[in-house]
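What's in my_file23.cif: mmCIF, C-alpha atoms and all ligand atoms
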```cif
data_model
#
loop_
_atom_site.label_atom_id
_atom_site.label_comp_id
_atom_site.auth_asym_id
_atom_site.auth_seq_id
_atom_site.Cartn_x
_atom_site.Cartn_y
_atom_site.Cartn_z
CA MET A 614 14.69 -1.83 3.57
CA GLU A 615 14.75 -5.61 3.37
CA THR A 616 12.04 -7.06 1.19
CA SER A 617 13.27 -10.56 0.49
CA SER A 618 12.06 -13.68 2.24
CA ASP A 619 15.48 -14.68 3.54
CA VAL A 620 15.34 -12.88 6.88
CA SER A 621 16.63 -15.47 9.32
CA ALA A 622 14.41 -16.40 12.25
CA THR A 623 16.73 -14.60 14.64
CA ASN A 624 16.42 -11.27 12.76
CA ALA A 625 12.74 -11.54 11.96
CA LEU A 626 10.26 -9.71 14.15
CA LEU A 627 7.71 -12.34 13.20
CA ALA A 628 8.55 -15.76 11.79
CA VAL A 629 5.66 -17.95 10.65
CA ARG A 630 7.01 -21.50 10.45
CA ASN A 631 5.09 -24.25 8.65
CA VAL A 632 1.81 -23.29 10.27
CA GLY A 633 -1.08 -25.69 9.80
CA VAL A 634 -4.66 -25.22 11.02
CA ARG A 635 -7.63 -27.55 10.52
CA PHE A 636 -11.30 -27.09 11.33
CA GLY A 637 -12.69 -30.61 11.25
CA GLY A 638 -12.18 -31.67 7.64
CA ILE A 639 -11.27 -28.17 6.40
CA VAL A 640 -7.59 -27.38 6.05
CA ALA A 641 -7.53 -23.62 6.63
CA LEU A 642 -3.71 -23.32 6.67
CA ASP A 643 -1.30 -25.86 5.27
CA GLY A 644 2.41 -25.44 6.05
CA VAL A 645 2.54 -21.65 5.68
CA SER A 646 5.94 -20.01 6.30
CA PHE A 647 7.22 -16.46 5.91
CA ASP A 648 9.23 -13.86 7.82
CA ILE A 649 8.60 -10.23 8.59
CA ALA A 650 11.63 -8.05 9.25
CA PRO A 651 11.49 -5.31 11.90
CA GLY A 652 10.00 -2.15 10.40
CA GLN A 653 8.68 -3.89 7.29
CA ILE A 654 5.20 -3.32 5.86
CA VAL A 655 3.88 -6.66 4.61
CA GLY A 656 0.62 -7.32 2.74
CA LEU A 657 -1.17 -10.66 3.07
CA ILE A 658 -3.47 -11.32 0.10
CA GLY A 659 -5.55 -14.16 -1.30
CA PRO A 660 -9.05 -14.92 -2.55
CA ASN A 661 -11.95 -15.46 -0.11
CA GLY A 662 -11.33 -18.42 2.18
CA ALA A 663 -7.57 -18.45 1.47
CA GLY A 664 -6.73 -18.47 5.20
CA LYS A 665 -5.73 -14.83 5.82
CA THR A 666 -7.96 -14.18 8.82
CA THR A 667 -7.17 -17.61 10.23
CA LEU A 668 -3.48 -16.70 10.19
CA PHE A 669 -4.21 -13.38 11.93
CA ASN A 670 -6.22 -15.25 14.54
CA CYS A 671 -3.30 -17.64 15.09
CA ILE A 672 -0.88 -14.73 15.58
CA SER A 673 -3.36 -13.21 18.09
CA ARG A 674 -3.76 -16.65 19.75
CA LEU A 675 -7.51 -16.64 19.12
CA TYR A 676 -7.17 -19.90 17.15
CA GLU A 677 -5.20 -23.03 18.01
CA VAL A 678 -2.37 -23.96 15.65
CA ASN A 679 -2.25 -27.69 14.82
CA SER A 680 1.32 -27.75 13.52
CA GLY A 681 4.30 -25.45 13.05
CA ASP A 682 5.28 -22.43 15.14
CA ILE A 683 5.05 -18.64 15.23
CA LEU A 684 8.08 -16.80 16.59
CA TYR A 685 7.82 -13.19 17.74
CA CYS A 686 11.14 -11.49 18.58
CA GLY A 687 12.63 -15.01 18.39
CA GLU A 688 10.25 -16.48 20.99
CA SER A 689 7.43 -18.93 20.28
CA ILE A 690 4.13 -17.17 20.98
CA LEU A 691 2.38 -20.55 20.90
CA LYS A 692 4.22 -21.56 24.06
CA MET A 693 3.30 -18.36 25.93
CA PRO A 694 0.35 -18.30 28.32
CA VAL A 695 -2.47 -16.51 26.43
CA HIS A 696 -2.75 -13.80 29.15
CA ARG A 697 0.80 -12.64 28.30
CA MET A 698 -0.25 -11.82 24.74
CA SER A 699 -1.75 -8.42 25.65
CA GLY A 700 1.60 -7.17 26.95
CA ILE A 701 4.05 -8.28 24.23
CA GLY A 702 3.47 -5.47 21.75
CA ILE A 703 1.15 -6.93 19.12
CA GLY A 704 -1.74 -4.58 18.26
CA ARG A 705 -4.68 -5.38 16.01
CA THR A 706 -7.52 -3.75 14.15
CA PHE A 707 -10.57 -5.78 13.16
CA GLN A 708 -12.40 -6.34 9.87
CA ASN A 709 -15.69 -5.40 11.55
CA LEU A 710 -15.32 -2.37 13.77
CA ALA A 711 -15.02 -3.38 17.42
CA LEU A 712 -16.04 -0.07 19.01
CA PHE A 713 -18.55 0.87 21.74
CA SER A 714 -21.01 3.14 19.92
CA ASN A 715 -22.47 4.70 23.09
CA LEU A 716 -19.11 5.83 24.45
CA SER A 717 -17.08 8.87 23.43
CA VAL A 718 -14.10 8.65 21.10
CA LEU A 719 -11.69 9.24 24.00
CA ASP A 720 -13.32 6.59 26.21
CA ASN A 721 -13.19 4.05 23.39
CA ILE A 722 -9.47 4.59 23.06
CA MET A 723 -8.80 4.56 26.79
CA ILE A 724 -10.63 1.25 27.23
CA GLY A 725 -7.84 -0.41 25.26
CA GLY A 726 -5.26 0.96 27.72
CA HIS A 727 -6.99 -0.10 30.93
CA SER A 728 -6.09 -3.73 30.36
CA THR A 729 -2.38 -2.89 30.45
CA GLY A 730 -2.49 -0.70 33.59
CA LYS A 731 -1.41 -1.85 37.06
CA SER A 732 -4.43 -0.69 39.03
CA ASP A 733 -7.12 -3.22 39.92
CA TYR A 734 -10.83 -3.09 40.71
CA PHE A 735 -10.34 -2.02 44.35
CA SER A 736 -7.72 0.66 43.78
CA ASN A 737 -9.90 2.08 40.99
CA ALA A 738 -12.97 2.11 43.24
CA LEU A 739 -11.01 3.86 46.02
CA HIS A 740 -9.55 6.37 43.55
CA LEU A 741 -6.07 5.95 45.00
CA PRO A 742 -3.33 8.41 43.92
CA TRP A 743 -1.56 5.96 41.60
CA THR A 744 -4.81 5.10 39.80
CA ARG A 745 -5.40 8.84 39.22
CA ARG A 746 -1.86 9.17 37.86
CA GLU A 747 -2.32 6.12 35.63
CA GLU A 748 -5.60 7.57 34.35
CA ARG A 749 -3.92 10.93 33.57
CA GLU A 750 -1.08 9.23 31.72
CA LEU A 751 -3.51 7.04 29.79
CA ARG A 752 -5.61 10.07 28.82
CA ALA A 753 -2.49 11.93 27.63
CA ARG A 754 -1.42 8.96 25.49
CA ALA A 755 -4.92 8.58 24.09
CA MET A 756 -4.95 12.28 23.12
CA GLU A 757 -1.51 11.86 21.52
CA MET A 758 -2.85 9.03 19.34
CA LEU A 759 -5.96 11.03 18.47
CA ARG A 760 -3.71 13.90 17.34
CA PHE A 761 -1.59 11.45 15.32
CA MET A 762 -4.74 10.33 13.50
CA ALA A 763 -6.01 13.96 13.18
CA LEU A 764 -9.01 13.06 15.34
CA GLU A 765 -8.47 15.26 18.40
CA GLU A 766 -11.52 17.42 17.61
CA THR A 767 -13.78 14.38 17.90
CA ALA A 768 -12.45 13.36 21.36
CA LEU A 769 -15.64 14.06 23.28
CA GLN A 770 -18.12 13.01 20.60
CA ARG A 771 -20.14 9.80 20.79
CA ILE A 772 -18.89 7.22 18.33
CA GLY A 773 -22.37 6.35 17.08
CA GLY A 774 -22.78 9.64 15.22
CA LEU A 775 -19.41 9.64 13.44
CA PRO A 776 -18.88 8.70 9.77
CA PHE A 777 -17.59 5.18 9.06
CA GLY A 778 -14.21 6.44 7.77
CA VAL A 779 -13.62 8.33 11.03
CA GLN A 780 -14.53 5.23 13.04
CA LYS A 781 -11.99 3.19 11.05
CA ARG A 782 -9.29 5.77 11.90
CA LEU A 783 -10.32 5.62 15.50
CA GLU A 784 -9.82 1.88 15.55
CA ILE A 785 -6.27 2.41 14.34
CA ALA A 786 -5.70 5.03 17.07
CA ARG A 787 -6.88 2.53 19.66
CA ALA A 788 -4.63 -0.22 18.36
CA LEU A 789 -1.67 2.20 18.53
CA LEU A 790 -2.29 3.16 22.16
CA GLY A 791 -0.10 0.38 23.53
CA ARG A 792 2.70 1.42 21.10
CA PRO A 793 2.79 -1.98 19.39
CA LYS A 794 5.95 -3.28 17.77
CA LEU A 795 3.75 -5.22 15.36
CA LEU A 796 0.40 -3.97 14.11
CA LEU A 797 -1.99 -6.45 12.47
CA MET A 798 -4.53 -4.66 10.28
CA ASP A 799 -7.51 -6.72 9.06
CA GLU A 800 -8.96 -5.12 5.90
CA PRO A 801 -8.27 -1.50 6.86
CA ALA A 802 -9.46 -0.25 3.44
CA GLY A 803 -12.88 -1.96 3.61
CA GLY A 804 -15.68 0.57 3.00
CA LEU A 805 -13.39 3.60 2.55
CA ASN A 806 -13.79 6.17 -0.25
CA HIS A 807 -11.01 7.35 -2.57
CA ASN A 808 -9.79 10.21 -0.34
CA GLU A 809 -9.91 8.05 2.77
CA LEU A 810 -7.82 5.41 0.96
CA SER A 811 -5.09 7.94 0.15
CA LEU A 812 -5.09 9.05 3.78
CA LEU A 813 -4.86 5.40 4.91
CA ILE A 814 -1.80 4.78 2.72
CA GLU A 815 -0.12 7.86 4.20
CA THR A 816 -1.14 6.79 7.73
CA ILE A 817 0.30 3.28 7.41
CA ARG A 818 3.61 4.76 6.25
CA ARG A 819 3.61 7.27 9.12
CA ILE A 820 2.90 4.49 11.64
CA ARG A 821 6.03 2.69 10.47
CA ASP A 822 8.20 5.79 9.96
CA GLU A 823 7.31 7.69 13.15
CA PHE A 824 6.77 4.82 15.59
CA GLY A 825 8.98 2.18 13.96
CA THR A 826 5.97 -0.15 14.02
CA THR A 827 6.06 -3.21 11.77
CA VAL A 828 2.79 -3.69 9.88
CA LEU A 829 1.10 -6.85 8.58
CA LEU A 830 -2.09 -6.10 6.68
CA VAL A 831 -4.73 -8.37 5.23
CA GLU A 832 -6.42 -6.58 2.39
CA HIS A 833 -8.56 -7.20 -0.70
CA HIS A 834 -7.94 -3.71 -2.11
CA MET A 835 -5.02 -4.46 -4.43
CA GLY A 836 -4.27 -0.78 -5.10
CA LEU A 837 -3.66 -0.21 -1.40
CA VAL A 838 -1.65 -3.40 -0.87
CA MET A 839 0.61 -2.75 -3.82
CA ALA A 840 1.10 0.94 -2.93
CA VAL A 841 2.02 0.47 0.69
CA SER A 842 3.61 -3.00 1.08
CA GLU A 843 7.31 -3.68 0.76
CA LYS A 844 6.61 -7.39 0.61
CA VAL A 845 3.45 -9.28 -0.31
CA VAL A 846 2.59 -12.84 0.73
CA ALA A 847 -0.13 -14.51 -1.36
CA LEU A 848 -2.22 -17.40 0.01
CA ASN A 849 -4.72 -19.67 -1.70
CA PHE A 850 -6.56 -22.70 -0.25
CA GLY A 851 -4.46 -22.33 2.92
CA ARG A 852 -1.12 -22.57 1.12
CA LYS A 853 1.47 -19.93 0.34
CA LEU A 854 1.37 -19.31 -3.41
CA ALA A 855 4.07 -16.69 -3.63
CA GLU A 856 6.04 -14.13 -1.66
CA GLY A 857 7.97 -11.12 -2.93
CA ALA A 858 7.97 -7.47 -3.92
CA PRO A 859 4.55 -6.11 -5.00
CA ALA A 860 5.53 -5.91 -8.68
CA GLU A 861 6.71 -9.57 -8.66
CA ILE A 862 3.49 -10.75 -7.02
CA GLN A 863 1.30 -8.81 -9.44
CA ARG A 864 2.79 -10.66 -12.40
CA HIS A 865 3.18 -14.06 -10.69
CA PRO A 866 1.26 -16.61 -12.82
CA ASP A 867 -0.09 -18.59 -9.81
CA VAL A 868 -1.39 -15.41 -8.18
CA ILE A 869 -3.04 -14.26 -11.40
CA GLU A 870 -4.62 -17.69 -11.81
CA ALA A 871 -5.90 -17.74 -8.21
CA TYR A 872 -7.59 -14.37 -8.69
CA LEU A 873 -9.01 -15.23 -12.09
CA GLY A 874 -10.56 -18.29 -10.44
CA THR A 875 -9.68 -21.01 -12.92
CA GLY A 876 -10.40 -23.53 -10.18
CA LYS A 877 -6.92 -25.09 -10.27
CA LYS A 878 -5.48 -25.71 -6.78
P1 LIG A 901 -11.88 -13.73 3.50
O1 LIG A 901 -11.05 -12.94 2.55
O2 LIG A 901 -13.20 -14.13 2.89
O3 LIG A 901 -12.02 -13.10 4.85
P2 LIG A 901 -9.80 -15.52 4.46
O4 LIG A 901 -8.67 -15.62 3.50
O5 LIG A 901 -9.63 -14.62 5.62
O6 LIG A 901 -11.14 -15.16 3.68
P3 LIG A 901 -10.39 -17.52 6.40
O7 LIG A 901 -11.53 -16.76 7.03
O8 LIG A 901 -9.13 -17.60 7.15
O9 LIG A 901 -10.12 -17.00 4.92
O10 LIG A 901 -10.92 -19.00 6.11
C1 LIG A 901 -10.10 -20.08 5.67
C2 LIG A 901 -10.92 -21.36 5.71
O11 LIG A 901 -11.12 -21.74 7.05
C3 LIG A 901 -12.29 -21.22 5.07
O12 LIG A 901 -12.60 -22.44 4.44
C4 LIG A 901 -13.18 -20.97 6.27
O13 LIG A 901 -14.50 -21.41 6.01
C5 LIG A 901 -12.49 -21.82 7.34
N1 LIG A 901 -12.68 -21.26 8.70
C6 LIG A 901 -12.19 -20.11 9.18
N2 LIG A 901 -12.52 -19.94 10.46
C7 LIG A 901 -13.26 -21.03 10.81
C8 LIG A 901 -13.89 -21.47 12.01
N3 LIG A 901 -13.83 -20.75 13.13
N4 LIG A 901 -14.55 -22.66 11.99
C9 LIG A 901 -14.61 -23.40 10.86
N5 LIG A 901 -14.02 -23.06 9.71
C10 LIG A 901 -13.36 -21.90 9.66
#
```
Take the structure I supplied and represent it as structure tokens, if you would.
Ligand code: ATP
Amino acid sequence: METSSDVSATNALLAVRNVGVRFGGIVALDGVSFDIAPGQIVGLIGPNGAGKTTLFNCISRLYEVNSGDILYCGESILKMPVHRMSGIGIGRTFQNLALFSNLSVLDNIMIGGHSTGKSDYFSNALHLPWTRREERELRARAMEMLRFMALEETALQRIGGLPFGVQKRLEIARALLGRPKLLLMDEPAGGLNHNELSLLIETIRRIRDEFGTTVLLVEHHMGLVMAVSEKVVALNFGRKLAEGAPAEIQRHPDVIEAYLGTGKK
């Protein structure tokens, strides 16, 4: 498994090239570059305000990039119409759970799949044969993902009553429904207990090993990042501080300094 930063743009699944983002006078990202090889698990770390979520939002096209480029499978996603983004194979989980608490587990998962189906408002309303087939296929895929996350027994339960750790797993199941090539995970460990953390580490590895999905995770929980990542990219004040294998990053003086908060930029 490749862990170095020298993956060329043509081989990289995702290539972040000199990305800069400003919000008025705030420089949120300043010339950030790194590559992610297909099948790699990469951790993105940095103190609060370092620019991690901003970068995720750029890759999802929620934020405008002021300079640089982001290549996915060799193609600039910044040049794509935003509506194409849902069909290119980038899945995402959110820092704050984005679930519908009044709906069942299964419905929450299937909602994610409706946006990629071919049927429209009228064919759905008329219950035409192909919409019924699409619905059956979607339900089968949703159940497959629930089984993958060991959640099939909760399928018909309302989300509202389920423990937080279960809801976090459900969010992952939903993000996997479209079989993403690249999965962006925003603080997947947030709020989890010790046992749930071990399960999460195992799950991230299974997502890569069984589906071949490449994973980029933003995480404050260093134990998780270092256990699961093959490469870690460290940001501070919008700049890349360091990039390398977890053990290298853990002993990198600039990373240590950033986390100890000496105030030096
Ligand atoms: P955390 O770990 O606390 O989530 P982060 O590394 O994800 O932090 P970002 O949320 O990306 O950091 O923030 C980077 C900088 O950009 C911060 O100074 C933040 O205040 C600013 N920022 C982020 N989003 C916006 C926005 N929509 N409008 C204005 N400023 C923003």
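Of the listed residues A:Gly774, A:Asn721, A:Val828, A:Asn808, the one whose atoms come nearest to A:Ala786 is A:Asn721, with distances taken using all atoms listed in the file.
Closest approach to A:Arg705 from the set A:Ser680, A:Gln770, A:Ser673, A:Asn661 is made by A:Ser673, with distances taken over all atoms listed in the file.
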request  = Can you tell me which residues come within 6 Å of ligand LIG 901 (chain A) when counting only C-alpha atoms and all ligand atoms, ideally as a VMD selection string?
outcome  = chain A and resid 636 641 659 to 667
task = Rank A:Pro793, A:Phe850, A:Arg752, A:Pro651 by their smallest atom-to-atom distance to A:Arg635, using all atoms listed in the file, and report the top residue only.
result =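 Among A:Pro793, A:Phe850, A:Arg752, A:Pro651, it is A:Phe850 that comes nearest to A:Arg635.
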ask   = Skipping near chain neighbours, those fewer than 4 positions away, what residues fall within 12 Å of stretch 814-821 of chain A using only C-alpha atoms, listed as number ranges by chain?
value = A: 614, 651-656, 758, 761-763, 781-782, 785-786, 788-790, 792-798, 801-802, 805, 807-810, 825-830, 834, 836-843
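Coordinates place atom CA of A:Asn709 at a distance of 22.8 Å from atom CA of A:Val695.
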Quick one: axis-aligned box around all listed atoms of stretch 814-830 of chain A, 8 Å on every side, centre and edge lengths in Å to one decimal, written as lines of an AutoDock Vina configuration file.
```
center_x = 3.4
center_y = 0.5
center_z = 9.2
size_x = 27.1
size_y = 30.7
size_z = 28.9
```
ask   = In Å, how far is it from atom CA of A:Val629 to atom CA of A:Leu813?
value = 26.2 Å
message = Just want the 10 Å neighbourhood of A:Asn679, counted on all atoms listed in the file, with same-chain residues fewer than 4 positions away dropped. Output as an MDAnalysis selection string.
response = chainID A and resid 632:636 642:643
Show me, as an mmCIF file with C-alpha atoms, in the coordinates of the input, the residues that have an atom within 6 Å of A:Ala847 when counting all atoms listed in the file, minus same-chain residues fewer than 2 positions from it.
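Generated output (out-v5.cif):
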```cif
data_model
loop_
_atom_site.group_PDB
_atom_site.id
_atom_site.type_symbol
_atom_site.label_atom_id
_atom_site.label_comp_id
_atom_site.auth_asym_id
_atom_site.auth_seq_id
_atom_site.Cartn_x
_atom_site.Cartn_y
_atom_site.Cartn_z
ATOM 1 C CA LEU A 657 -1.170 -10.660 3.070
ATOM 2 C CA ILE A 658 -3.470 -11.320 0.100
ATOM 3 C CA GLY A 659 -5.550 -14.160 -1.300
ATOM 4 C CA LYS A 853 1.470 -19.930 0.340
ATOM 5 C CA LEU A 854 1.370 -19.310 -3.410
ATOM 6 C CA ALA A 855 4.070 -16.690 -3.630
#
```
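You can rank A:His696, A:Arg852, A:Arg760, A:His865 by their closest distance to A:Gly644 using only C-alpha atoms, and at the top of that list sits A:Arg852.
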query = Do you have the atom CA of A:Leu873-atom CA of A:Lys844 distance handy?
reply = 21.6 Å
task = Rank A:Asn849, A:Gln863, A:Ser646, A:Ser699 by their smallest atom-to-atom distance to A:Ile683, using only C-alpha atoms, and report the top residue only.
result =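 Going through A:Asn849, A:Gln863, A:Ser646, A:Ser699 one by one, the smallest distance to A:Ile683 is for A:Ser646.
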